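J.: This is coords00.txt (compact mmCIF, C-alpha atoms).
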# COMPACT_ATOMS: atom_id res chain seq x y z
CA MET A 1 0.00 0.00 0.00
CA GLU A 2 1.30 3.44 -0.93
CA PRO A 3 1.89 6.11 1.76
CA GLU A 4 -1.09 8.18 0.59
CA ALA A 5 -3.44 5.22 0.94
CA MET A 6 -2.00 4.28 4.35
CA TYR A 7 -2.32 7.84 5.62
CA ASN A 8 -5.90 8.23 4.43
CA ARG A 9 -6.86 4.84 5.86
CA CYS A 10 -5.57 5.90 9.28
CA VAL A 11 -7.42 9.22 9.14
CA GLU A 12 -10.65 7.52 8.13
CA GLY A 13 -10.20 4.95 10.89
CA LEU A 14 -9.85 7.70 13.48
CA GLN A 15 -12.94 9.49 12.16
CA ALA A 16 -14.96 6.28 12.35
CA PHE A 17 -13.76 5.55 15.88
CA MET A 18 -14.63 9.04 17.12
CA ALA A 19 -18.10 8.87 15.58
CA THR A 20 -18.78 5.49 17.19
CA ALA A 21 -17.36 6.50 20.59
CA GLY A 22 -19.34 9.73 20.60
CA PHE A 23 -16.44 12.06 21.38
CA SER A 24 -15.48 15.22 19.53
CA ASP A 25 -12.06 16.12 20.97
CA VAL A 26 -8.75 14.32 21.50
CA VAL A 27 -5.68 14.88 23.65
CA ILE A 28 -2.20 13.87 22.51
CA GLY A 29 1.15 13.86 24.31
CA LEU A 30 3.55 15.76 22.04
CA SER A 31 7.13 14.54 22.44
CA GLY A 32 8.65 16.20 19.40
CA GLY A 33 9.14 12.74 17.86
CA ILE A 34 7.87 11.27 14.61
CA ASP A 35 5.04 9.19 16.07
CA SER A 36 3.25 11.90 18.03
CA SER A 37 3.84 14.35 15.18
CA VAL A 38 2.12 12.07 12.66
CA VAL A 39 -0.74 11.26 15.05
CA ALA A 40 -1.35 14.96 15.73
CA THR A 41 -1.34 15.72 12.02
CA MET A 42 -3.78 12.88 11.32
CA ALA A 43 -6.02 14.08 14.15
CA VAL A 44 -6.17 17.59 12.70
CA ASP A 45 -6.99 16.20 9.26
CA ALA A 46 -9.69 13.97 10.77
CA LEU A 47 -11.27 16.32 13.31
CA GLY A 48 -10.05 19.87 12.74
CA SER A 49 -7.46 21.78 14.72
CA SER A 50 -9.92 23.09 17.32
CA SER A 51 -10.68 19.52 18.43
CA VAL A 52 -7.04 18.51 18.97
CA HIS A 53 -5.27 19.35 22.24
CA GLY A 54 -1.53 18.82 22.54
CA VAL A 55 0.35 18.41 25.81
CA LEU A 56 4.09 18.76 26.20
CA LEU A 57 5.35 16.59 29.06
CA PRO A 58 9.04 17.36 29.52
CA GLY A 59 10.97 15.16 31.91
CA PRO A 60 14.47 15.04 33.35
CA TYR A 61 15.98 13.79 30.06
CA SER A 62 13.93 15.78 27.55
CA SER A 63 16.08 17.66 25.07
CA ALA A 64 15.53 21.29 24.15
CA HIS A 65 15.17 20.39 20.48
CA SER A 66 12.35 17.96 21.23
CA VAL A 67 10.39 20.64 23.06
CA GLU A 68 11.05 23.08 20.21
CA ASP A 69 9.96 20.53 17.60
CA ALA A 70 6.72 19.85 19.49
CA GLN A 71 6.00 23.56 19.75
CA LEU A 72 6.71 24.12 16.05
CA LEU A 73 4.46 21.20 15.09
CA ALA A 74 1.62 22.64 17.18
CA GLN A 75 2.14 26.04 15.58
CA ASN A 76 2.06 24.53 12.08
CA LEU A 77 -1.15 22.63 12.88
CA ALA A 78 -2.75 25.56 14.73
CA ILE A 79 -3.56 23.42 17.76
CA GLU A 80 -3.62 24.59 21.35
CA THR A 81 -1.01 23.20 23.71
CA SER A 82 -0.24 23.10 27.39
CA THR A 83 2.93 22.07 29.20
CA VAL A 84 2.97 19.82 32.25
CA SER A 85 6.42 18.93 33.54
CA ILE A 86 6.77 15.41 34.95
CA CYS A 87 10.00 16.28 36.77
CA GLU A 88 8.32 16.98 40.10
CA PRO A 89 6.01 13.92 40.17
CA PHE A 90 8.87 11.69 39.00
CA ALA A 91 11.09 13.05 41.78
CA ALA A 92 8.29 12.24 44.25
CA PHE A 93 8.17 8.65 42.99
CA GLU A 94 11.97 8.41 43.23
CA ALA A 95 11.77 9.47 46.87
CA ALA A 96 8.81 7.24 47.69
CA LEU A 97 10.13 4.12 45.95
CA GLY A 98 13.85 4.41 46.58
CA ASP A 99 14.04 2.20 49.67
CA ALA A 100 11.56 -0.35 48.32
CA CYS A 101 13.60 -0.63 45.11
CA GLY A 102 16.86 -1.42 46.90
CA GLY A 103 18.05 2.08 47.68
CA ALA A 104 17.22 3.98 44.51
CA LEU A 105 14.76 4.00 41.62
CA THR A 106 17.05 3.36 38.65
CA GLY A 107 17.28 1.63 35.26
CA LEU A 108 14.18 0.29 33.58
CA ALA A 109 12.03 0.98 36.64
CA ALA A 110 12.98 4.67 36.51
CA GLU A 111 12.40 4.87 32.75
CA ASN A 112 8.98 3.25 32.93
CA THR A 113 7.95 5.38 35.89
CA GLN A 114 8.50 8.48 33.74
CA ALA A 115 6.24 7.06 31.04
CA ARG A 116 3.58 6.31 33.64
CA CYS A 117 3.83 9.83 35.04
CA ARG A 118 3.02 11.10 31.55
CA MET A 119 0.04 8.77 31.31
CA ILE A 120 -1.38 10.02 34.61
CA CYS A 121 -1.13 13.63 33.43
CA LEU A 122 -2.77 12.89 30.07
CA MET A 123 -5.58 10.87 31.63
CA ALA A 124 -6.25 13.61 34.18
CA LEU A 125 -6.78 16.06 31.32
CA SER A 126 -8.87 13.48 29.44
CA ASN A 127 -11.14 13.01 32.44
CA THR A 128 -11.34 16.72 33.24
CA TYR A 129 -12.31 17.91 29.77
CA GLY A 130 -13.89 14.84 28.20
CA TRP A 131 -11.15 14.42 25.62
CA ILE A 132 -10.24 10.98 24.26
CA LEU A 133 -6.55 10.13 24.70
CA LEU A 134 -4.94 9.03 21.44
CA ASN A 135 -2.16 6.48 21.61
CA THR A 136 0.94 7.26 19.53
CA GLY A 137 2.47 3.76 19.31
CA ASN A 138 3.31 1.98 16.06
CA LYS A 139 3.33 -1.67 14.97
CA SER A 140 7.12 -2.13 15.14
CA GLU A 141 7.20 -1.07 18.79
CA ALA A 142 4.21 -3.27 19.61
CA PHE A 143 5.88 -6.36 18.13
CA MET A 144 9.09 -5.74 20.06
CA GLY A 145 7.41 -4.86 23.35
CA TYR A 146 9.07 -1.47 23.10
CA SER A 147 6.51 0.38 25.17
CA THR A 148 5.55 0.81 28.80
CA LEU A 149 2.50 -0.97 30.15
CA TYR A 150 0.12 1.57 31.70
CA GLY A 151 2.37 4.29 30.26
CA ASP A 152 2.68 4.81 26.52
CA THR A 153 0.36 1.87 25.87
CA ALA A 154 -2.47 4.04 27.25
CA GLY A 155 -5.08 5.54 24.97
CA ALA A 156 -8.45 4.75 23.47
CA PHE A 157 -7.31 4.44 19.84
CA ALA A 158 -3.95 4.19 18.06
CA PRO A 159 -4.14 5.99 14.69
CA ILE A 160 -0.76 4.61 13.58
CA GLY A 161 -1.00 1.32 15.46
CA GLY A 162 -1.30 -0.52 12.15
CA LEU A 163 1.82 1.09 10.64
CA TYR A 164 5.39 -0.11 10.94
CA LYS A 165 7.93 2.52 11.99
CA THR A 166 9.42 2.90 8.50
CA ASP A 167 5.91 3.45 7.14
CA VAL A 168 5.29 6.13 9.76
CA TYR A 169 8.23 8.01 8.25
CA ALA A 170 6.89 7.37 4.74
CA VAL A 171 3.43 8.78 5.49
CA ALA A 172 5.00 11.77 7.25
CA ARG A 173 7.08 12.60 4.17
CA TRP A 174 4.03 12.14 1.94
CA ARG A 175 1.89 14.46 4.11
CA ASN A 176 4.58 17.15 4.07
CA GLU A 177 4.97 16.87 0.31
CA GLN A 178 1.20 17.10 -0.16
CA ALA A 179 1.09 20.32 1.84
CA GLN A 180 3.94 21.81 -0.14
CA ARG A 181 2.28 20.90 -3.46
CA GLN A 182 -0.75 22.87 -2.25
CA GLY A 183 1.44 25.87 -1.43
CA LYS A 184 1.13 25.33 2.32
CA PRO A 185 3.88 24.88 4.92
CA ALA A 186 4.81 21.29 5.77
CA PRO A 187 3.13 20.43 9.09
CA ILE A 188 5.85 18.12 10.42
CA PRO A 189 9.18 19.88 11.13
CA SER A 190 12.05 18.59 9.00
CA SER A 191 14.16 17.93 12.10
CA VAL A 192 11.56 15.41 13.30
CA LEU A 193 12.21 13.38 10.15
CA THR A 194 15.99 13.46 10.42
CA LYS A 195 16.83 13.02 14.10
CA ALA A 196 17.35 9.61 15.68
CA PRO A 197 14.14 8.39 17.36
CA SER A 198 14.36 8.38 21.14
CA ALA A 199 12.02 7.94 24.07
CA GLU A 200 14.32 10.27 26.06
CA LEU A 201 13.87 8.32 29.29
CA SER A 202 17.59 8.16 30.07
CA ALA A 203 20.70 10.10 29.14
CA GLY A 204 21.68 9.63 25.49
CA GLN A 205 19.06 6.96 24.86
CA GLU A 206 18.22 6.11 21.22
CA ASP A 207 15.54 3.61 20.20
CA GLU A 208 17.52 1.61 17.66
CA ALA A 209 20.45 1.17 20.04
CA SER A 210 18.06 -0.04 22.73
CA LEU A 211 16.42 -2.46 20.32
CA GLY A 212 19.74 -3.69 18.95
CA VAL A 213 18.60 -3.31 15.33
CA ASP A 214 17.67 -0.43 13.04
CA TYR A 215 14.02 -0.02 12.08
CA GLY A 216 14.68 -0.67 8.39
CA ARG A 217 15.97 -4.19 9.04
CA LEU A 218 13.48 -4.82 11.82
CA ASP A 219 10.48 -3.91 9.68
CA CYS A 220 11.80 -6.00 6.78
CA LEU A 221 11.98 -8.96 9.15
CA LEU A 222 8.57 -8.38 10.72
CA LYS A 223 6.80 -7.96 7.39
CA GLN A 224 8.25 -11.20 6.07
CA ALA A 225 7.28 -13.08 9.21
CA TYR A 226 3.88 -11.59 10.01
CA GLU A 227 2.55 -10.19 6.74
CA GLN A 228 3.91 -12.75 4.28
CA GLY A 229 4.00 -15.76 6.59
CA ILE A 230 7.55 -16.72 5.65
CA PRO A 231 9.07 -19.31 8.03
CA ALA A 232 11.92 -18.05 10.20
CA ALA A 233 14.45 -20.31 8.46
CA ASP A 234 13.61 -18.74 5.08
CA ILE A 235 13.61 -15.08 6.10
CA VAL A 236 16.41 -13.04 4.54
CA VAL A 237 17.37 -9.61 5.86
CA GLU A 238 20.61 -7.99 4.76
CA GLY A 239 22.93 -7.59 7.72
CA LEU A 240 21.13 -10.07 9.98
CA ASP A 241 22.25 -13.65 10.35
CA ALA A 242 19.99 -16.58 11.22
CA ALA A 243 20.71 -16.28 14.95
CA ALA A 244 19.79 -12.58 15.01
CA ILE A 245 16.59 -13.23 13.07
CA ARG A 246 15.60 -16.02 15.44
CA SER A 247 16.36 -13.86 18.46
CA LEU A 248 14.21 -10.97 17.20
CA LEU A 249 11.31 -13.27 16.36
CA ASP A 250 11.56 -14.90 19.78
CA ARG A 251 11.42 -11.47 21.36
CA ALA A 252 8.35 -10.56 19.32
CA ALA A 253 6.63 -13.78 20.38
CA SER A 254 7.42 -13.16 24.03
CA TYR A 255 5.55 -9.84 24.04
CA GLU A 256 2.19 -11.19 22.94
CA TYR A 257 0.87 -10.46 26.45
CA LYS A 258 1.76 -6.80 26.06
CA ARG A 259 0.19 -6.52 22.61
CA ALA A 260 -3.05 -7.84 24.10
CA LEU A 261 -3.28 -4.59 26.08
CA GLU A 262 -2.58 -2.25 23.17
CA PRO A 263 -5.50 -0.04 22.06
CA SER A 264 -7.39 -0.81 18.85
CA TYR A 265 -6.21 0.53 15.51
CA THR A 266 -7.09 0.47 11.80
CA VAL A 267 -5.63 -2.58 10.10
CA ILE A 268 -3.42 -1.80 7.11
CA ASP A 269 -3.30 -4.29 4.24
CA TYR A 270 0.34 -5.13 3.57
CA ALA A 271 -0.44 -8.06 1.25
Could you take the file, read its structure, and then write that structure out as structure tokens?

T.:
Amino acid sequence: MEPEAMYNRCVEGLQAFMATAGFSDVVIGLSGGIDSSVVATMAVDALGSSSVHGVLLPGPYSSAHSVEDAQLLAQNLAIETSTVSICEPFAAFEAALGDACGGALTGLAAENTQARCRMICLMALSNTYGWILLNTGNKSEAFMGYSTLYGDTAGAFAPIGGLYKTDVYAVARWRNEQAQRQGKPAPIPSSVLTKAPSAELSAGQEDEASLGVDYGRLDCLLKQAYEQGIPAADIVVEGLDAAAIRSLLDRAASYEYKRALEPSYTVIDYA
């Protein structure tokens, strides 16, 4: 499926979900990354800018450029934003949980606690104003369990939940090009498309380093296995040997329990 068709399918899926659920407005956590940028753009195309509410949730490891990218995206889309820092609530959890966690809240526990702090803030706004929380996760992350339960898995609907990460980039480039062909500014800042994806939950963290594979190879592997039904022994991905392929597929299989808790999304036909 071409990027235009994938993008429009996601927008139509969101419109259908909102009509069925009976809500008019959505709230989105804006990280300055590609996923939340694409979801916000789709939401504006589906519902109009006045129905989309962006929230910046900077934490202890948020970079200045991510905040700037989120602000520029919101400006381009003409959506209202608010900023709620998670630094203070995260510090409170560090203090409260330090002894129980062996002296300090560190490592994965600290990273996931930040994601859950963001979820609490977004859900508080959702409950206060009657806005539906949109999930910003993609299919690559869901397969690899690269998300936080009760954190960034939260949300009523995942507009890009049926897209692999490389396809998220493809639809973002298509949407920018469409705007430019119409003589309008590109909604998604160019820096969002060029910087390394990162959850920014620890110093210097980058997604592909954490996963141990770049998204291009990962998506090639996942599409062969899950879209084409090719047996593991017959999958070919440049730069990955049989052991690496088996390891990645085993990891994907192990996170079925987490995928069961992901929000619904529009299925994309990759056949």

J.: My list of candidates is A:Asn135, A:Ser62, A:Asn127, A:Thr106. Which is closest to Gly29 (chain A) when distances are computed with all atoms listed in the file?

T.: A:Asn135

J.: Residues near Lys258 (chain A), anyone? I mean within 10 Å using all atoms listed in the file, not counting same-chain ones fewer than 4 positions away, as a PyMOL selection string.

T.: chain A and resi 142-149+153+254+262

J.: Can you pull out the residues contacting Ser63 (chain A)? Cut-off 12 Å, using only C-alpha atoms, and skip same-chain residues under 3 positions away; I want them as a ChimeraX atom specification.

T.: /A:31-33,57-60,66-70,195,198-205

J.: For a test of reading the model, state the distance in Å between CA of Ser264 (chain A) and CA of Phe157 (chain A), rounded to one decimal.

T.: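 Computing it gives 5.3 Å between the two atoms.
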
J.: Excluding Ile28 (chain A) and its own-chain neighbours fewer than 6 positions away, which residues fall within 7 Å of it when counting all atoms listed in the file? Please give them as a count of residues only.

T.: 6

J.: Which residues, written as a VMD selection string, have at least one atom at most 12 Å from region 8-13 of chain A, with only C-alpha atoms counted and residues fewer than 6 positions away on the same chain left out?

T.: chain A and resid 1 to 2 19 to 20 38 to 48 138 157 to 163 167 to 168 171 to 172 174 to 175 264 to 269

J.: Keeping only C-alpha atoms, take the residues you just selected and write them out as a PDB file, in the coordinates of the input.

T.:
ATOM      1  CA  MET A   1       0.000   0.000   0.000  1.00  0.00           C
ATOM      2  CA  GLU A   2       1.300   3.440  -0.930  1.00  0.00           C
ATOM      3  CA  ALA A  19     -18.100   8.870  15.580  1.00  0.00           C
ATOM      4  CA  THR A  20     -18.780   5.490  17.190  1.00  0.00           C
ATOM      5  CA  VAL A  38       2.120  12.070  12.660  1.00  0.00           C
ATOM      6  CA  VAL A  39      -0.740  11.260  15.050  1.00  0.00           C
ATOM      7  CA  ALA A  40      -1.350  14.960  15.730  1.00  0.00           C
ATOM      8  CA  THR A  41      -1.340  15.720  12.020  1.00  0.00           C
ATOM      9  CA  MET A  42      -3.780  12.880  11.320  1.00  0.00           C
ATOM     10  CA  ALA A  43      -6.020  14.080  14.150  1.00  0.00           C
ATOM     11  CA  VAL A  44      -6.170  17.590  12.700  1.00  0.00           C
ATOM     12  CA  ASP A  45      -6.990  16.200   9.260  1.00  0.00           C
ATOM     13  CA  ALA A  46      -9.690  13.970  10.770  1.00  0.00           C
ATOM     14  CA  LEU A  47     -11.270  16.320  13.310  1.00  0.00           C
ATOM     15  CA  GLY A  48     -10.050  19.870  12.740  1.00  0.00           C
ATOM     16  CA  ASN A 138       3.310   1.980  16.060  1.00  0.00           C
ATOM     17  CA  PHE A 157      -7.310   4.440  19.840  1.00  0.00           C
ATOM     18  CA  ALA A 158      -3.950   4.190  18.060  1.00  0.00           C
ATOM     19  CA  PRO A 159      -4.140   5.990  14.690  1.00  0.00           C
ATOM     20  CA  ILE A 160      -0.760   4.610  13.580  1.00  0.00           C
ATOM     21  CA  GLY A 161      -1.000   1.320  15.460  1.00  0.00           C
ATOM     22  CA  GLY A 162      -1.300  -0.520  12.150  1.00  0.00           C
ATOM     23  CA  LEU A 163       1.820   1.090  10.640  1.00  0.00           C
ATOM     24  CA  ASP A 167       5.910   3.450   7.140  1.00  0.00           C
ATOM     25  CA  VAL A 168       5.290   6.130   9.760  1.00  0.00           C
ATOM     26  CA  VAL A 171       3.430   8.780   5.490  1.00  0.00           C
ATOM     27  CA  ALA A 172       5.000  11.770   7.250  1.00  0.00           C
ATOM     28  CA  TRP A 174       4.030  12.140   1.940  1.00  0.00           C
ATOM     29  CA  ARG A 175       1.890  14.460   4.110  1.00  0.00           C
ATOM     30  CA  SER A 264      -7.390  -0.810  18.850  1.00  0.00           C
ATOM     31  CA  TYR A 265      -6.210   0.530  15.510  1.00  0.00           C
ATOM     32  CA  THR A 266      -7.090   0.470  11.800  1.00  0.00           C
ATOM     33  CA  VAL A 267      -5.630  -2.580  10.100  1.00  0.00           C
ATOM     34  CA  ILE A 268      -3.420  -1.800   7.110  1.00  0.00           C
ATOM     35  CA  ASP A 269      -3.300  -4.290   4.240  1.00  0.00           C
TER      36      ASP A 269
END

J.: Looking at A:Met119, A:Ala96, A:Ala186, A:Ala156, which one is nearest to Ser37 (chain A), with distances taken over all atoms listed in the file?

T.: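 The shortest atom-to-atom distance to Ser37 (chain A) comes from A:Ala186.
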
J.: Which one is closest to Tyr164 (chain A): A:Val52, A:Ala74, A:Met6, A:Ala100? Count all atoms listed in the file.

T.: A:Met6

J.: Figure out the distance between CA of Trp131 (chain A) and CA of Gln15 (chain A), please, to one decimal in Å.

T.: 14.4 Å

J.: How many Å lie between CA of Phe90 (chain A) and CA of Thr113 (chain A), rounded to one decimal?

T.: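 One can read the CA of Phe90 (chain A) to CA of Thr113 (chain A) distance as 7.1 Å.
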
J.: Determine, counting only C-alpha atoms, every residue of protein, DNA or RNA that lies within 7 Å of (10.1, 19.2, 2.7) in the file coordinates, then give the result as a list of chain:residue names.

T.: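 Checking each residue against the 7 Å limit leaves A:Asn176, A:Glu177, A:Ala186, A:Ser190.
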